[in-house]
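**Q** Below is one structure. I have some questions about it.
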Amino acid sequence: MAILEVEHIKKSFEHTEVLKDISFSLEEGQVLSIIGSSGSGKTTLLRCLNFLETPDEGVIRVRGEELLDAGKATTLTEKAIRKNRLHFGLVFQSFNLFPQYTAKENVMLARKLQAKELPDFKTRKKEIYEEIEKEAEKLLVQMGLSERMNNYPHQLSGGQCQRVAIARALAMKPDILCFDEPTSALDPELTGEVLKVIRELADQNTTMIIVTHEMAFARDVASQVIFMDDGRIAESGDPQEVFNHPKEERTKQFLARFNEG
Amino acid sequence: MDLFWEQFPIVVKALNVGFLQTLKLFFVTLLGALPLGLVISLGSMSSFKPLKYVVKFVIWIVRGTPLMIQLLIIYYFPGLVLHNPIWGGGESGRFLAASVAFIFNYACYFAEIYRGGIQSVPVGQEEAGLVLGMTKTQIFFKIKLLQMVKRIVPPMSNEIITLVKDTSLARIIALQEIIWAGQSFMKGSSGISGAIWPLFFTAVYYLISIGILTILLSKLEKKLDYFK
């Protein structure tokens, strides 16, 4: 069974239709790359999955469980939305780290707040916090940041910040980790170090959806690629197929510059 | 010169009494205007349009007219126009009227500073909190509040220093603060008359208290310097 099923998602802002009937599914442990020009709706799609936007129409299912059916009149409570969100993680283009917390505190904050809702929190507080701290440290080591755990975001490079943000998202143990142009704010050198950790996550079979302009990376890391154009999925399938033998005229056009270079 | 040293202790004693009233007005204003400003600022950002425009209108009136006129109207209007002197005639009545005028006036200035602080926190901070499953309340207290405070400390410091000096405006309704106390030696008080130096000397009180405030406020600013 697919870990994620998205069916007929539509979304408009004012009078602009940004997503026009998007459907796709993703298997557990797979990586989906979404490519396409700016304004094609890639970011909006990720924001819908993370419940930062509510689709006008469509269904989102994770492991068969229906998280959202925009067609139904029932509105989700804030609590339900929070629960739905935790199936997904999101890494932003601009990192959005919390500046007043150290790298490690950034990774731990949401987990600690979440722990307060546990029934045995009061009696096991110390134990729970120690466990959260250990996990945060492990994640930061995995991101190659063992020397940077107690630094504040302004003391870190962009690449380091983005790796902290990835650790922060992973700390919530999402089913599906989403990346919204994770390297667009970085120079080529820093881009490399971030792509490296994402590739490592792919090797460990982390289910991911990656919106990116790094074409070679999208091709190599993904098990499935979607090319979006004007709010629609113009072409999708196996990365080698889509990149080397695009069928649609629009895809050929978009990939022309990349394939030449 | 001998005369000056004779007068000096008498004058200082009277100025101290006046200065105490100045300090009282200063602290009462801060205590009232800091929270009231937050309420007004939330009102000015309300998504309920009528409330928003009423609040914005009130802020415009208060910031658009001199505090001195507001003091005069608040103190004299009930008695002279409505024939209902709610403040009474004594020093405590004048202090109450002055407090109301100052709290309301400063709350409107603080409200605009708060608004700037709240709106300056990037929307990405809230979104990052949301996708990590935090509630809006957690996001406000654990993420946004400190970033807001950091941004409003410098403009707030400015406003607070201005408040120390603005308390002298309460002289216009004969509140017996330090300017009033200094001036009293011109007309004659405690056997001293025609002396203008006590009035000039009040400046020293302002300088010292603002000096202390400046040090305290910059310490607070430094304390928040650990993040950017």
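Starting from 1 in every chain, residues are counted up; chains themselves are A, B, ... following the order of the structure tokens, and ligands are numbered from 1 as listed.
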Give as a VMD selection string every residue of chain B that touches chain A within 8 Å, counting only C-alpha atoms.
**A** chain B and resid 124 to 125 127 to 135 143 146 to 147 226 to 228
**Q** For Lys11 (chain A), list every protein, DNA or RNA residue within 10 Å, evaluated using only C-alpha atoms, and leave out those in the same chain fewer than 5 positions away; present the list as JSON, numbers by chain.
**A** {"A": [16, 17, 18, 19, 20, 21, 22, 41, 44, 45, 48, 53, 54, 55, 56, 57, 58, 231]}
**Q** Go ahead and dump the residues you just picked, N, CA, C and O atoms, as a short mmCIF file (atom, residue, chain, number, x, y, z; two decimals), in the first residue's frame.
**A**
```
data_model
loop_
_atom_site.label_atom_id
_atom_site.label_comp_id
_atom_site.auth_asym_id
_atom_site.auth_seq_id
_atom_site.Cartn_x
_atom_site.Cartn_y
_atom_site.Cartn_z
N THR A 16 -6.73 33.21 -8.91
CA THR A 16 -5.70 32.45 -9.62
C THR A 16 -5.74 30.99 -9.19
O THR A 16 -5.64 30.69 -8.00
N GLU A 17 -5.88 30.11 -10.15
CA GLU A 17 -5.87 28.69 -9.86
C GLU A 17 -4.43 28.22 -9.83
O GLU A 17 -3.75 28.20 -10.86
N VAL A 18 -3.93 27.87 -8.64
CA VAL A 18 -2.52 27.52 -8.51
C VAL A 18 -2.31 26.02 -8.69
O VAL A 18 -1.35 25.59 -9.30
N LEU A 19 -3.22 25.22 -8.16
CA LEU A 19 -3.16 23.77 -8.35
C LEU A 19 -4.43 23.31 -9.06
O LEU A 19 -5.54 23.57 -8.59
N LYS A 20 -4.23 22.66 -10.21
CA LYS A 20 -5.39 22.25 -11.01
C LYS A 20 -5.41 20.73 -11.10
O LYS A 20 -4.85 20.17 -12.02
N ASP A 21 -6.01 20.10 -10.11
CA ASP A 21 -6.20 18.66 -10.17
C ASP A 21 -4.88 17.88 -10.14
O ASP A 21 -4.41 17.37 -11.15
N ILE A 22 -4.30 17.80 -8.94
CA ILE A 22 -3.04 17.08 -8.76
C ILE A 22 -3.32 15.74 -8.11
O ILE A 22 -3.94 15.68 -7.04
N GLY A 41 3.45 25.88 -8.99
CA GLY A 41 2.60 25.32 -7.94
C GLY A 41 3.29 24.31 -7.04
O GLY A 41 2.65 23.73 -6.16
N THR A 44 3.20 25.40 -3.31
CA THR A 44 1.82 25.35 -2.81
C THR A 44 1.41 23.91 -2.51
O THR A 44 0.75 23.63 -1.52
N LEU A 45 1.85 22.99 -3.38
CA LEU A 45 1.53 21.58 -3.17
C LEU A 45 2.12 21.09 -1.84
O LEU A 45 1.44 20.46 -1.03
N CYS A 48 0.22 22.47 1.04
CA CYS A 48 -1.05 21.77 1.25
C CYS A 48 -0.83 20.48 2.03
O CYS A 48 -1.58 20.15 2.94
N GLU A 53 -1.66 25.32 3.95
CA GLU A 53 -2.76 25.78 3.11
C GLU A 53 -3.80 24.66 3.09
O GLU A 53 -3.45 23.49 3.23
N THR A 54 -5.06 25.06 2.95
CA THR A 54 -6.11 24.05 2.83
C THR A 54 -6.56 23.98 1.38
O THR A 54 -6.96 24.99 0.81
N PRO A 55 -6.47 22.80 0.77
CA PRO A 55 -6.92 22.67 -0.62
C PRO A 55 -8.42 22.95 -0.73
O PRO A 55 -9.17 22.73 0.23
N ASP A 56 -8.85 23.43 -1.88
CA ASP A 56 -10.28 23.66 -2.10
C ASP A 56 -10.99 22.34 -2.37
O ASP A 56 -12.15 22.16 -2.01
N GLU A 57 -10.26 21.45 -3.04
CA GLU A 57 -10.82 20.13 -3.33
C GLU A 57 -9.72 19.10 -3.22
O GLU A 57 -8.54 19.44 -3.34
N GLY A 58 -10.10 17.84 -3.02
CA GLY A 58 -9.11 16.78 -3.05
C GLY A 58 -9.01 16.00 -1.76
O GLY A 58 -9.58 16.38 -0.74
N GLY A 231 0.38 24.51 -12.61
CA GLY A 231 -0.58 23.92 -11.69
C GLY A 231 -1.01 22.50 -12.02
O GLY A 231 -1.90 21.96 -11.37
#
```
**Q** Fewer than 5 positions away in the same chain doesn't count, so skip those; otherwise give me all residues within 9 Å of region 255-259 of chain A, counting only C-alpha atoms, as a ChimeraX atom specification.
**A** /A:215-216,243-244,246,250
**Q** So what do you get for CA of Val225 (chain A) versus CA of Ser38 (chain A), distance-wise?
**A**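 Separating CA of Val225 (chain A) from CA of Ser38 (chain A) is a distance of 16.6 Å.
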**Q** Considering only alpha helix (DSSP H) as DSSP defines it on the backbone, what residues of chain B qualify? List them as a PyMOL selection string.
**A** chain B and resi 2-44+49-64+67-76+91-120+123-131+136-138+145-166+178-187+197-223
**Q** Go through B:Leu224, B:Ile208, B:Ile172, B:Ile196 and flag the residue nearest Met148 (chain B), using only C-alpha atoms for the distances.
**A** B:Leu224
**Q** I'd like the neighbourhood of region 108-118 of chain B as a PyMOL selection string, where a residue qualifies if any of its atoms comes within 6 Å (using only C-alpha atoms), though same-chain residues fewer than 2 positions away should be ignored.
**A** chain B and resi 37-38+40-41+59+105-106+120-121+148+151-152
**Q** Calculated over only C-alpha atoms, which of the candidates A:Leu177, A:Cys161, A:Val197, A:Val31 has the smallest distance to Met143 (chain A)?
**A**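 Nearest to Met143 (chain A): A:Val197.
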**Q** Which residues come within 12 Å of Glu248 (chain A), counting only C-alpha atoms, excluding same-chain residues fewer than 6 positions away, as a PDB file with N, CA, C and O atoms, in the first residue's frame?
**A**
```
ATOM      1  N   PHE A 227       7.103  16.432 -13.071  1.00  0.00           N
ATOM      2  CA  PHE A 227       7.350  17.740 -13.652  1.00  0.00           C
ATOM      3  C   PHE A 227       6.045  18.516 -13.630  1.00  0.00           C
ATOM      4  O   PHE A 227       5.044  18.106 -14.216  1.00  0.00           O
ATOM      5  N   MET A 228       6.046  19.621 -12.930  1.00  0.00           N
ATOM      6  CA  MET A 228       4.823  20.422 -12.815  1.00  0.00           C
ATOM      7  C   MET A 228       4.898  21.620 -13.726  1.00  0.00           C
ATOM      8  O   MET A 228       5.942  22.255 -13.876  1.00  0.00           O
ATOM      9  N   ASP A 229       3.758  21.925 -14.334  1.00  0.00           N
ATOM     10  CA  ASP A 229       3.692  23.095 -15.196  1.00  0.00           C
ATOM     11  C   ASP A 229       2.314  23.717 -15.069  1.00  0.00           C
ATOM     12  O   ASP A 229       1.301  23.024 -15.259  1.00  0.00           O
ATOM     13  N   ILE A 233       0.332  18.354 -13.286  1.00  0.00           N
ATOM     14  CA  ILE A 233       1.451  17.448 -13.482  1.00  0.00           C
ATOM     15  C   ILE A 233       1.565  17.216 -14.981  1.00  0.00           C
ATOM     16  O   ILE A 233       0.713  16.559 -15.580  1.00  0.00           O
ATOM     17  N   ALA A 234       2.604  17.786 -15.584  1.00  0.00           N
ATOM     18  CA  ALA A 234       2.737  17.676 -17.034  1.00  0.00           C
ATOM     19  C   ALA A 234       3.305  16.312 -17.406  1.00  0.00           C
ATOM     20  O   ALA A 234       2.964  15.746 -18.442  1.00  0.00           O
ATOM     21  N   GLU A 235       4.198  15.799 -16.559  1.00  0.00           N
ATOM     22  CA  GLU A 235       4.797  14.506 -16.856  1.00  0.00           C
ATOM     23  C   GLU A 235       5.326  13.908 -15.555  1.00  0.00           C
ATOM     24  O   GLU A 235       5.796  14.626 -14.685  1.00  0.00           O
ATOM     25  N   SER A 236       5.259  12.602 -15.427  1.00  0.00           N
ATOM     26  CA  SER A 236       5.812  11.985 -14.234  1.00  0.00           C
ATOM     27  C   SER A 236       6.265  10.572 -14.549  1.00  0.00           C
ATOM     28  O   SER A 236       5.880  10.004 -15.568  1.00  0.00           O
ATOM     29  N   GLU A 241      13.792   8.079 -17.324  1.00  0.00           N
ATOM     30  CA  GLU A 241      12.868   8.251 -18.450  1.00  0.00           C
ATOM     31  C   GLU A 241      12.547   9.724 -18.675  1.00  0.00           C
ATOM     32  O   GLU A 241      12.696  10.254 -19.773  1.00  0.00           O
ATOM     33  N   VAL A 242      12.095  10.363 -17.568  1.00  0.00           N
ATOM     34  CA  VAL A 242      11.634  11.754 -17.695  1.00  0.00           C
ATOM     35  C   VAL A 242      12.783  12.670 -18.120  1.00  0.00           C
ATOM     36  O   VAL A 242      12.613  13.536 -18.979  1.00  0.00           O
ATOM     37  N   PHE A 254      11.601  22.608 -20.887  1.00  0.00           N
ATOM     38  CA  PHE A 254      12.124  22.936 -19.555  1.00  0.00           C
ATOM     39  C   PHE A 254      13.491  22.292 -19.331  1.00  0.00           C
ATOM     40  O   PHE A 254      14.378  22.891 -18.740  1.00  0.00           O
ATOM     41  N   LEU A 255      13.649  21.062 -19.818  1.00  0.00           N
ATOM     42  CA  LEU A 255      14.888  20.329 -19.561  1.00  0.00           C
ATOM     43  C   LEU A 255      15.974  20.641 -20.593  1.00  0.00           C
ATOM     44  O   LEU A 255      17.127  20.254 -20.403  1.00  0.00           O
TER      45      LEU A 255
END
```
**Q** Figure out the distance between CA of Ala103 (chain A) and CA of Ala136 (chain A), please, to one decimal in Å.
**A** 9.4 Å
**Q** Find the residues near Val17 (chain B): any atom within 8 Å, counting only C-alpha atoms, skip ones fewer than 5 places away on the same chain, and give them as JSON, numbers by chain.
**A** {"B": [177, 178, 181]}
**Q** Next, the residues of the selection above should be written as a JSON list (two decimals), in the first residue's frame with N, CA and C atoms.
**A**
```json
[["chain", "number", "residue", "atom", "x", "y", "z"],
["B", 177, "GLU", "N", 5.07, 68.50, 41.10],
["B", 177, "GLU", "CA", 6.26, 67.71, 40.78],
["B", 177, "GLU", "C", 7.49, 68.62, 40.85],
["B", 178, "ILE", "N", 8.62, 68.17, 40.33],
["B", 178, "ILE", "CA", 9.85, 68.87, 40.64],
["B", 178, "ILE", "C", 9.94, 70.27, 39.99],
["B", 181, "ALA", "N", 8.06, 72.55, 42.15],
["B", 181, "ALA", "CA", 8.82, 72.80, 43.38],
["B", 181, "ALA", "C", 9.94, 73.81, 43.13]]
```
**Q** Which residue is closest to Phe179 (chain A)? Choose from A:Lys138, A:Lys72, A:Arg61, A:Lys42 and count only C-alpha atoms.
**A**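 Closest to Phe179 (chain A) of all the choices is A:Lys42.
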**Q** Point out the residue among B:Val123, B:Leu175, B:Ile161, B:Ile69 with the least atom-to-atom distance to Tyr206 (chain B), counting only C-alpha atoms.
**A**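 Smallest separation from Tyr206 (chain B) among the options: B:Ile161.
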**Q** As a list in words, please: every residue in region 93-180 of chain A that DSSP puts in strand (DSSP E or B).
**A**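 Strand (DSSP E or B) assignments inside region 93-180 of chain A correspond to Ile176, Leu177, Cys178, Phe179 and Asp180 of chain A.
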**Q** Can I get the selected residues back with N, CA and C atoms, as a PDB file, in the first residue's frame?
**A**
```pdb
ATOM      1  N   ILE A 176       6.690  11.279   6.208  1.00  0.00           N
ATOM      2  CA  ILE A 176       7.180  11.793   4.925  1.00  0.00           C
ATOM      3  C   ILE A 176       7.857  13.133   5.180  1.00  0.00           C
ATOM      4  N   LEU A 177       9.105  13.248   4.732  1.00  0.00           N
ATOM      5  CA  LEU A 177       9.827  14.497   4.937  1.00  0.00           C
ATOM      6  C   LEU A 177       9.825  15.290   3.629  1.00  0.00           C
ATOM      7  N   CYS A 178       9.354  16.536   3.718  1.00  0.00           N
ATOM      8  CA  CYS A 178       9.259  17.377   2.512  1.00  0.00           C
ATOM      9  C   CYS A 178      10.345  18.452   2.530  1.00  0.00           C
ATOM     10  N   PHE A 179      10.882  18.733   1.378  1.00  0.00           N
ATOM     11  CA  PHE A 179      11.894  19.791   1.239  1.00  0.00           C
ATOM     12  C   PHE A 179      11.392  20.800   0.216  1.00  0.00           C
ATOM     13  N   ASP A 180      11.373  22.066   0.610  1.00  0.00           N
ATOM     14  CA  ASP A 180      10.955  23.117  -0.320  1.00  0.00           C
ATOM     15  C   ASP A 180      12.180  23.894  -0.785  1.00  0.00           C
TER      16      ASP A 180
END
```
**Q** Using only C-alpha atoms, which residues sit within 10 Å of Val62 (chain A) once same-chain residues fewer than 4 positions away are excluded, as a list in words?
**A**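 Once the nearby chain positions are removed, what remains is Met1, Ala2, Ile3, Leu4, Glu5, Val6, Ser25, Leu26, Glu66, Leu67, Leu68, Asn84, His87, Phe88, Asp175 and Ile176 of chain A.
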**Q** Go ahead and compute the interatomic distance for CA of Gly43 (chain B) and CA of Val55 (chain B), in Å to one decimal.
**A**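 Pair CA of Gly43 (chain B) / CA of Val55 (chain B) returns 6.2 Å.
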